[in-house]
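What follows is protein_34.cif (mmCIF, C-alpha atoms).
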data_model
loop_
_atom_site.label_atom_id
_atom_site.label_comp_id
_atom_site.auth_asym_id
_atom_site.auth_seq_id
_atom_site.Cartn_x
_atom_site.Cartn_y
_atom_site.Cartn_z
CA MET A 14 -6.81 0.93 27.92
CA GLU A 15 -4.43 2.99 25.83
CA ASN A 16 -5.05 6.71 26.17
CA PHE A 17 -4.49 9.22 23.37
CA ASN A 18 -5.18 12.45 25.20
CA HIS A 19 -1.57 13.49 24.64
CA ILE A 20 -2.14 13.67 20.86
CA LEU A 21 -3.48 17.15 20.06
CA LEU A 22 -4.88 17.68 16.57
CA PHE A 23 -5.67 20.90 14.68
CA ARG A 24 -6.92 21.95 11.28
CA THR A 25 -4.68 24.75 9.99
CA ASP A 26 -3.65 26.73 6.92
CA ILE A 27 0.03 25.84 7.22
CA LYS A 28 0.32 24.98 3.55
CA SER A 29 3.94 25.23 2.55
CA GLU A 30 7.32 24.00 3.69
CA GLU A 31 8.23 27.64 4.50
CA ASP A 32 5.15 28.04 6.70
CA LYS A 33 6.03 24.79 8.41
CA GLN A 34 9.57 25.94 9.07
CA THR A 35 8.45 29.34 10.38
CA LEU A 36 6.15 27.67 12.86
CA GLY A 37 8.73 24.97 13.55
CA SER A 38 11.10 27.48 15.12
CA LEU A 39 8.35 28.24 17.66
CA LEU A 40 7.32 24.64 18.30
CA ASP A 41 10.86 23.26 18.54
CA LYS A 42 11.61 25.72 21.33
CA ASN A 43 8.65 24.65 23.42
CA LYS A 44 9.76 22.17 26.10
CA ASN A 45 6.18 20.95 26.57
CA ILE A 46 6.06 19.59 23.02
CA GLU A 47 7.54 16.11 22.59
CA GLN A 48 6.88 15.83 18.86
CA TRP A 49 5.04 17.75 16.18
CA ASN A 50 4.19 17.38 12.54
CA VAL A 51 2.14 19.12 9.84
CA ASP A 52 0.57 17.06 7.07
CA LEU A 53 1.39 19.22 4.06
CA ASN A 54 0.10 16.53 1.70
CA ASP A 55 -3.50 16.64 2.78
CA GLU A 56 -6.31 19.16 2.46
CA ASP A 57 -6.76 19.91 6.19
CA TYR A 58 -3.04 20.63 6.82
CA VAL A 59 -3.38 18.85 10.12
CA LEU A 60 -1.01 19.92 12.87
CA ARG A 61 -0.32 16.97 15.16
CA ILE A 62 1.28 17.65 18.50
CA ILE A 63 2.35 15.21 21.17
CA SER A 64 2.30 16.85 24.57
CA TYR A 65 1.47 15.57 28.02
CA THR A 66 0.96 19.03 29.46
CA LEU A 67 -0.40 21.42 26.82
CA LYS A 68 -4.13 21.87 26.18
CA HIS A 69 -5.72 22.59 22.82
CA GLU A 70 -6.36 26.24 23.65
CA HIS A 71 -2.66 26.83 24.43
CA VAL A 72 -1.62 25.61 21.00
CA ILE A 73 -4.40 27.48 19.19
CA GLU A 74 -3.35 30.75 20.80
CA MET A 75 0.30 30.13 20.07
CA VAL A 76 -0.26 29.30 16.38
CA GLN A 77 -2.81 32.07 15.81
CA ASN A 78 -0.37 34.59 17.27
CA TYR A 79 1.93 33.60 14.44
CA GLY A 80 -0.77 34.53 11.96
CA TYR A 81 -2.03 31.10 11.00
CA MET A 82 -5.52 29.69 11.17
CA CYS A 83 -5.73 26.95 13.78
CA CYS A 84 -8.75 25.16 15.21
CA GLU A 85 -9.20 21.91 17.04
CA LEU A 86 -9.77 18.94 14.76
CA THR A 87 -12.69 16.97 16.07
CA MET B 11 -10.94 9.77 26.27
CA ARG B 12 -9.79 8.54 22.86
CA THR B 13 -8.80 4.91 22.66
CA ARG B 14 -7.46 2.62 19.97
CA ASP B 15 -10.06 0.51 18.24
CA ILE B 16 -8.73 -2.45 16.24
CA GLY B 17 -12.05 -2.80 14.37
CA LYS B 18 -11.82 0.80 13.21
CA GLU B 19 -8.20 0.40 12.17
CA SER B 20 -8.97 -2.53 9.90
CA LEU B 21 -11.98 -0.68 8.48
CA VAL B 22 -9.66 2.25 7.68
CA LYS B 23 -7.18 -0.01 5.89
CA LYS B 24 -9.85 -1.87 3.95
CA THR B 25 -11.58 1.35 2.87
CA ALA B 26 -8.28 3.01 1.92
CA ILE B 27 -7.42 0.04 -0.33
CA GLU B 28 -10.85 0.19 -1.98
CA THR B 29 -10.67 3.94 -2.49
CA ILE B 30 -7.18 3.84 -4.01
CA ALA B 31 -8.09 0.83 -6.19
CA LYS B 32 -10.96 2.86 -7.60
CA GLY B 33 -9.59 6.39 -7.79
CA GLY B 34 -5.81 6.12 -7.44
CA PHE B 35 -3.53 8.05 -5.10
CA GLU B 36 -4.07 11.47 -6.71
CA SER B 37 -7.54 12.11 -5.37
CA PHE B 38 -7.03 10.26 -2.09
CA SER B 39 -7.43 12.40 1.02
CA MET B 40 -7.67 11.74 4.75
CA ASN B 41 -10.86 13.77 4.86
CA LYS B 42 -12.57 11.66 2.19
CA LEU B 43 -11.28 8.47 3.79
CA ALA B 44 -12.67 9.45 7.19
CA ARG B 45 -16.04 10.23 5.62
CA ALA B 46 -16.11 6.90 3.77
CA CYS B 47 -15.35 5.09 7.04
CA GLY B 48 -17.89 7.08 9.05
CA ILE B 49 -15.23 8.24 11.50
CA SER B 50 -13.71 11.61 12.29
CA VAL B 51 -10.55 12.91 10.61
CA ALA B 52 -9.12 13.25 14.12
CA THR B 53 -9.42 9.49 14.66
CA LEU B 54 -7.29 8.92 11.54
CA TYR B 55 -4.59 11.22 12.84
CA ILE B 56 -4.58 9.36 16.16
CA TYR B 57 -3.58 6.20 14.30
CA TYR B 58 -1.32 7.79 11.70
CA LYS B 59 1.11 10.68 11.86
CA ASP B 60 0.08 11.89 8.42
CA LYS B 61 -1.19 10.73 5.05
CA ASP B 62 2.24 9.51 4.03
CA ASP B 63 2.49 7.43 7.21
CA LEU B 64 -0.84 5.75 6.46
CA LEU B 65 0.04 5.02 2.83
CA SER B 66 3.54 3.72 3.68
CA GLN B 67 2.12 1.37 6.29
CA LEU B 68 -0.48 0.19 3.82
CA ALA B 69 2.16 -0.48 1.15
CA VAL B 70 4.37 -2.41 3.57
CA GLU B 71 1.55 -4.51 5.03
CA HIS B 72 0.17 -5.23 1.62
CA GLY B 73 3.61 -6.24 0.36
CA LYS B 74 4.08 -8.62 3.28
CA GLN B 75 0.71 -10.21 2.69
CA MET B 76 1.30 -10.60 -1.05
CA GLY B 77 4.75 -12.10 -0.44
CA LYS B 78 3.30 -14.66 1.95
CA SER B 79 0.56 -15.56 -0.44
CA MET B 80 2.99 -15.93 -3.37
CA LEU B 81 4.93 -18.53 -1.38
CA HIS B 82 1.89 -20.64 -0.51
CA ASN B 83 2.82 -24.34 -1.11
CA PHE B 84 5.80 -23.23 -3.20
CA ASP B 85 8.85 -25.48 -3.12
CA ALA B 86 12.09 -24.01 -4.46
CA GLU B 87 13.39 -27.52 -5.11
CA ALA B 88 10.40 -28.53 -7.25
CA PRO B 89 10.80 -29.33 -10.97
CA PHE B 90 10.33 -26.35 -13.31
CA GLU B 91 6.76 -27.07 -14.40
CA VAL B 92 5.52 -27.89 -10.89
CA GLY B 93 7.12 -24.83 -9.32
CA LEU B 94 5.97 -22.44 -12.01
CA ARG B 95 2.44 -23.89 -11.86
CA GLN B 96 2.30 -23.18 -8.12
CA GLN B 97 3.45 -19.61 -8.71
CA TRP B 98 0.75 -19.12 -11.34
CA GLU B 99 -1.86 -20.65 -9.09
CA ASN B 100 -0.97 -18.41 -6.14
CA ARG B 101 -1.01 -15.22 -8.17
CA TYR B 102 -4.14 -16.21 -10.09
CA ARG B 103 -6.03 -17.12 -6.91
CA ASP B 104 -5.22 -13.81 -5.25
CA LEU B 105 -5.85 -11.49 -8.14
CA ILE B 106 -8.96 -13.15 -9.57
CA ASN B 107 -10.69 -13.66 -6.24
CA ASN B 108 -9.98 -10.10 -5.29
CA PRO B 109 -10.14 -7.63 -8.20
CA THR B 110 -9.85 -4.73 -5.74
CA LEU B 111 -6.53 -6.09 -4.54
CA SER B 112 -5.38 -6.47 -8.11
CA LYS B 113 -6.24 -2.84 -8.95
CA PHE B 114 -4.63 -1.65 -5.73
CA ASN B 115 -1.45 -3.50 -6.76
CA GLU B 116 -1.41 -1.70 -10.08
CA GLN B 117 -1.84 1.67 -8.38
CA LEU B 118 0.93 0.89 -5.89
CA ARG B 119 3.32 -0.09 -8.65
CA ALA B 120 2.77 3.25 -10.34
CA SER B 121 3.15 5.29 -7.14
CA VAL B 122 5.93 6.65 -4.96
CA TYR B 123 5.20 3.71 -2.62
CA GLN B 124 6.32 1.18 -5.24
CA GLU B 125 9.75 0.76 -3.66
CA GLN B 126 8.38 0.05 -0.18
CA PHE B 127 5.78 -2.32 -1.60
CA LEU B 128 8.19 -4.32 -3.73
CA SER B 129 10.96 -4.56 -1.16
CA THR B 130 8.62 -5.95 1.51
CA LEU B 131 7.00 -8.19 -1.06
CA MET B 132 10.37 -9.70 -1.95
CA GLU B 133 11.74 -9.76 1.61
CA ASP B 134 10.70 -13.37 2.20
CA ALA B 135 10.11 -14.40 -1.40
CA LEU B 136 13.44 -13.38 -2.95
CA VAL B 137 15.51 -16.26 -1.57
CA PRO B 138 13.16 -19.13 -2.57
CA PHE B 139 12.40 -17.60 -5.99
CA THR B 140 16.09 -17.03 -6.74
CA ARG B 141 16.89 -20.56 -5.59
CA PHE B 142 14.15 -21.95 -7.87
CA ASN B 143 15.46 -19.98 -10.85
CA GLU B 144 19.01 -21.21 -10.20
CA ASN B 145 17.83 -24.80 -9.82
CA ILE B 146 15.95 -24.91 -13.11
CA ILE B 147 19.02 -23.66 -14.96
CA SER B 148 21.55 -25.88 -13.19
CA ARG B 149 19.32 -28.93 -13.81
CA GLY B 150 19.20 -27.94 -17.46
CA GLU B 151 15.41 -27.57 -17.56
CA VAL B 152 15.54 -23.98 -18.77
CA ARG B 153 18.43 -22.34 -20.57
CA GLU B 154 20.19 -19.35 -19.10
CA MET B 155 18.78 -15.95 -20.15
CA PRO B 156 18.46 -12.44 -18.73
CA PHE B 157 16.09 -12.50 -15.76
CA GLU B 158 13.80 -9.93 -17.41
CA VAL B 159 13.40 -12.15 -20.46
CA TYR B 160 12.55 -15.14 -18.26
CA TRP B 161 10.09 -13.11 -16.16
CA SER B 162 8.33 -11.63 -19.18
CA VAL B 163 7.74 -15.01 -20.77
CA ALA B 164 6.92 -16.75 -17.48
CA PHE B 165 4.46 -14.24 -16.01
CA ALA B 166 3.37 -11.49 -18.40
CA PRO B 167 0.75 -13.77 -20.10
CA LEU B 168 -0.76 -14.50 -16.69
CA TYR B 169 -1.01 -10.83 -15.76
CA ALA B 170 -2.45 -9.91 -19.17
CA LEU B 171 -5.21 -12.50 -18.79
CA ILE B 172 -5.97 -11.40 -15.22
CA LYS B 173 -6.16 -7.78 -16.36
CA PHE B 174 -8.58 -8.64 -19.19
CA ASN B 175 -10.68 -10.67 -16.76
CA ASN B 176 -10.81 -8.04 -14.03
CA GLU B 177 -11.66 -5.32 -16.50
CA GLY B 178 -14.32 -7.59 -18.02
CA GLN B 179 -13.07 -6.89 -21.53
CA SER B 180 -10.13 -7.56 -23.79
CA LEU B 181 -8.84 -5.70 -26.85
CA GLY B 182 -11.32 -3.37 -28.54
CA GLY B 183 -13.73 -3.66 -25.61
CA LYS B 184 -14.63 -7.27 -26.41
CA PRO B 185 -16.34 -8.81 -23.33
CA PHE B 186 -14.06 -11.30 -21.65
CA LYS B 187 -14.20 -13.72 -18.76
CA MET B 188 -11.29 -16.00 -18.10
CA THR B 189 -11.83 -19.70 -17.43
CA ASP B 190 -9.45 -22.16 -15.75
CA GLU B 191 -9.05 -23.87 -19.14
CA MET B 192 -7.75 -20.65 -20.70
CA LEU B 193 -5.39 -20.09 -17.81
CA TRP B 194 -3.83 -23.54 -18.05
CA GLU B 195 -3.77 -23.41 -21.85
CA ALA B 196 -1.64 -20.27 -21.60
CA PHE B 197 0.45 -21.92 -18.91
CA ASP B 198 1.18 -24.97 -21.09
CA LEU B 199 2.34 -22.68 -23.90
CA VAL B 200 4.62 -20.79 -21.52
CA VAL B 201 6.15 -24.02 -20.23
CA LYS B 202 6.62 -25.23 -23.80
CA GLY B 203 8.33 -21.97 -24.71
CA LEU B 204 10.70 -21.92 -21.75
CA LYS B 205 11.60 -25.58 -21.41
CA LYS B 206 14.74 -26.69 -23.18
#
Please lay out the structure from this file as C-alpha cells.
Amino acid sequence: MENFNHILLFRTDIKSEEDKQTLGSLLDKNKNIEQWNVDLNDEDYVLRIISYTLKHEHVIEMVQNYGYMCCELT
Amino acid sequence: MRTRDIGKESLVKKTAIETIAKGGFESFSMNKLARACGISVATLYIYYKDKDDLLSQLAVEHGKQMGKSMLHNFDAEAPFEVGLRQQWENRYRDLINNPTLSKFNEQLRASVYQEQFLSTLMEDALVPFTRFNENIISRGEVREMPFEVYWSVAFAPLYALIKFNNEGQSLGGKPFKMTDEMLWEAFDLVVKGLKK
C-alpha cells in the first residue's frame, strides 16, 4: 500500500508572497526537504513539505523560530 | 499510516464540482470542501499540492470527459444535417441530464481555468470537428463564413434553450421546461438557416 508519511502538513499564517519567500530561503537550504509549498490561495495557508527524515515537530520549531504560526494539520 | 483511497478521491472531485456549480470559484475553499466530504483538510493536501492543483486537475479531467462525450457517435464524414444533429444530441444529453455539470461548465468558462478546460476539451475533438466543418463547405452544403458566425448560429440556440431549462425559467422569470419537440424544432430552423 502506498504510504504518505513523507508528506508533512501544517496550518500556518504564511499569507503573502513575501512571507513565503522569507521562509523559502530557510526551507530551500534544508537538505532534508525534498519539496515544499505554501497554499497562499486558501484560508489555512497550508505548508506542505515532502521529507523522508524530518518529523512534524522539527518543522514546527523551525518555522516558529522565524516568527510564523505553525501547527500540524490533522 | 495515511494511504490513498480511490473512493475518497472521487468523492472529493464530485463534491468539488457540486460546490463550484452552486457557489462558483470565489467562495470555494479546501476547508469547506473537506467538511462537505466529511474528511480532514490534511487528506486533501495528501492528494493535491494546493487548491490550484486540485482545480487544474478538475478542469483538465472535466475537459477530457466532455471532449469524449461530444464525439460520441460523431462521424466527421457525415452529411451536414446528420453530423450537426449528433453534435446537438451529445451536448443536449450531457447538459440536460446533468444540470450540475452544465453549471460547472459555465463557472469554468468564466474562470482562470478556462484555458486548461478548453484546450483539453478540444484536444481530441478539434481534428474531427474541423474536418466536418471543412467537409460541409467543400461539398457545398454550407457556404463559407467566419467560424464564429457559423458557431453562433449552429450552437447558441441549443445553449440558450439548455440554460432556460436548467434554470427552470426563461425571460422575465416565465417557468420553462424544454421538450424534445422544442429542441428539434430549433434544430430544424438552424439547419434551414445554415444550409445553402
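Among the candidate residues B:Leu118, B:Leu193, B:Ile27, B:Leu171, the one lying nearest to Ala46 (chain B) is B:Ile27, with distances computed using all atoms listed in the file.
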Exercise for review: Pull out every residue of chain A sitting within 9 Å of chain B, counting all atoms listed in the file, and send them as a count of residues only.
Suggested key: 21
7 Å contact set for His19 (chain A), all atoms listed in the file, chain neighbours under 3 positions out, as a ChimeraX atom specification: /A:63-65
Min atom-atom distance to His69 (chain A) from the set A:Thr35, A:Thr25, A:Lys44, A:Cys83, counting all atoms listed in the file, belongs to A:Cys83
In Å, with one decimal, what is the gap from CA of Glu70 (chain A) to CA of Arg45 (chain B)?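 Going from CA of Glu70 (chain A) over to CA of Arg45 (chain B) covers 26.0 Å.
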Worksheet entry | Separation of CA of Trp161 (chain B) from CA of Ser66 (chain B), in Å and rounded to one decimal |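 According to the coordinates, CA of Trp161 (chain B) and CA of Ser66 (chain B) are separated by 26.8 Å.
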As a check of understanding: the span from CA of Val76 (chain A) to CA of Ile27 (chain A) is 9.8 Å
Which residue of A:Lys28, A:Cys84, A:His71, A:Ile62 approaches Ile46 (chain A) most closely, using all atoms listed in the file: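 So, comparing all the options, the nearest one is A:Ile62.
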Name the residues captured by the PyMOL selection byres ((chain B and resi 83-100) around 12) when it is applied to the shown file; answer as a VMD selection string.
chain B and resid 76 to 82 101 to 107 135 to 153 160 to 161 163 to 169 171 to 172 190 193 to 206
* Asked: Any idea what's packed within 10 Å of Ala26 (chain B), counting all atoms listed in the file, ignoring anything in its chain fewer than 2 positions away? Could you give it as number ranges by chain?
  -> B: 20-24, 28-32, 35, 38-40, 42-44, 46-47, 64-65, 68, 114
Evaluate the PyMOL selection byres ((chain B and resi 129) around 12) on the structure here and hand back the selected residues as a ChimeraX atom specification.
-> /B:69-74,76-77,119,123-128,130-136
Between B:Glu177, B:Ile49, B:Met155, B:Gly34, smallest distance to Asn115 (chain B) by only C-alpha atoms belongs to B:Gly34
Could you please fill out region 151-183 of chain B with N, CA and C atoms and send it back as a tab-separated table (two decimals), in the coordinates of the input?
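Resulting contents of rebuild-v9.tsv:
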chain	number	residue	atom	x	y	z
B	151	GLU	N	16.81	-27.57	-17.12
B	151	GLU	CA	15.41	-27.57	-17.56
B	151	GLU	C	15.11	-26.34	-18.43
B	152	VAL	N	15.74	-25.24	-18.04
B	152	VAL	CA	15.54	-23.98	-18.77
B	152	VAL	C	16.92	-23.43	-19.07
B	153	ARG	N	17.09	-22.85	-20.27
B	153	ARG	CA	18.43	-22.34	-20.57
B	153	ARG	C	18.63	-20.98	-19.92
B	154	GLU	N	19.87	-20.61	-19.76
B	154	GLU	CA	20.19	-19.35	-19.10
B	154	GLU	C	19.77	-18.18	-19.99
B	155	MET	N	19.18	-17.15	-19.39
B	155	MET	CA	18.78	-15.95	-20.15
B	155	MET	C	18.66	-14.79	-19.17
B	156	PRO	N	18.61	-13.55	-19.67
B	156	PRO	CA	18.46	-12.44	-18.73
B	156	PRO	C	17.17	-12.63	-17.93
B	157	PHE	N	17.24	-12.29	-16.63
B	157	PHE	CA	16.09	-12.50	-15.76
B	157	PHE	C	14.83	-11.88	-16.32
B	158	GLU	N	14.97	-10.66	-16.89
B	158	GLU	CA	13.80	-9.93	-17.41
B	158	GLU	C	13.12	-10.70	-18.54
B	159	VAL	N	13.97	-11.37	-19.35
B	159	VAL	CA	13.40	-12.15	-20.46
B	159	VAL	C	12.61	-13.32	-19.88
B	160	TYR	N	13.23	-14.01	-18.91
B	160	TYR	CA	12.55	-15.14	-18.26
B	160	TYR	C	11.22	-14.68	-17.65
B	161	TRP	N	11.28	-13.59	-16.87
B	161	TRP	CA	10.09	-13.11	-16.16
B	161	TRP	C	8.97	-12.76	-17.15
B	162	SER	N	9.35	-12.06	-18.21
B	162	SER	CA	8.33	-11.63	-19.18
B	162	SER	C	7.60	-12.82	-19.78
B	163	VAL	N	8.38	-13.84	-20.16
B	163	VAL	CA	7.74	-15.01	-20.77
B	163	VAL	C	6.95	-15.79	-19.71
B	164	ALA	N	7.54	-15.91	-18.52
B	164	ALA	CA	6.92	-16.75	-17.48
B	164	ALA	C	5.65	-16.14	-16.89
B	165	PHE	N	5.59	-14.82	-16.75
B	165	PHE	CA	4.46	-14.24	-16.01
B	165	PHE	C	3.60	-13.22	-16.75
B	166	ALA	N	4.17	-12.53	-17.75
B	166	ALA	CA	3.37	-11.49	-18.40
B	166	ALA	C	2.05	-12.04	-18.98
B	167	PRO	N	2.04	-13.26	-19.59
B	167	PRO	CA	0.75	-13.77	-20.10
B	167	PRO	C	-0.29	-13.92	-18.99
B	168	LEU	N	0.15	-14.35	-17.83
B	168	LEU	CA	-0.76	-14.50	-16.69
B	168	LEU	C	-1.37	-13.15	-16.30
B	169	TYR	N	-0.51	-12.14	-16.18
B	169	TYR	CA	-1.01	-10.83	-15.76
B	169	TYR	C	-1.91	-10.20	-16.83
B	170	ALA	N	-1.60	-10.46	-18.10
B	170	ALA	CA	-2.45	-9.91	-19.17
B	170	ALA	C	-3.85	-10.51	-19.09
B	171	LEU	N	-3.91	-11.83	-18.88
B	171	LEU	CA	-5.21	-12.50	-18.79
B	171	LEU	C	-6.00	-12.02	-17.57
B	172	ILE	N	-5.30	-11.87	-16.45
B	172	ILE	CA	-5.97	-11.40	-15.22
B	172	ILE	C	-6.52	-9.99	-15.43
B	173	LYS	N	-5.73	-9.16	-16.11
B	173	LYS	CA	-6.16	-7.78	-16.36
B	173	LYS	C	-7.42	-7.77	-17.24
B	174	PHE	N	-7.39	-8.55	-18.33
B	174	PHE	CA	-8.58	-8.64	-19.19
B	174	PHE	C	-9.78	-9.08	-18.37
B	175	ASN	N	-9.57	-10.12	-17.55
B	175	ASN	CA	-10.68	-10.67	-16.76
B	175	ASN	C	-11.24	-9.63	-15.79
B	176	ASN	N	-10.34	-8.98	-15.06
B	176	ASN	CA	-10.81	-8.04	-14.03
B	176	ASN	C	-11.44	-6.80	-14.63
B	177	GLU	N	-11.03	-6.47	-15.85
B	177	GLU	CA	-11.66	-5.32	-16.50
B	177	GLU	C	-12.92	-5.74	-17.25
B	178	GLY	N	-13.10	-7.07	-17.37
B	178	GLY	CA	-14.32	-7.59	-18.02
B	178	GLY	C	-14.29	-7.46	-19.53
B	179	GLN	N	-13.17	-7.02	-20.07
B	179	GLN	CA	-13.07	-6.89	-21.53
B	179	GLN	C	-11.63	-7.02	-22.00
B	180	SER	N	-11.48	-7.45	-23.25
B	180	SER	CA	-10.13	-7.56	-23.79
B	180	SER	C	-9.91	-6.46	-24.82
B	181	LEU	N	-9.16	-6.74	-25.88
B	181	LEU	CA	-8.84	-5.70	-26.85
B	181	LEU	C	-10.10	-5.21	-27.57
B	182	GLY	N	-10.17	-3.94	-27.82
B	182	GLY	CA	-11.32	-3.37	-28.54
B	182	GLY	C	-12.62	-3.47	-27.76
B	183	GLY	N	-12.53	-3.65	-26.44
B	183	GLY	CA	-13.73	-3.66	-25.61
B	183	GLY	C	-14.53	-4.96	-25.70
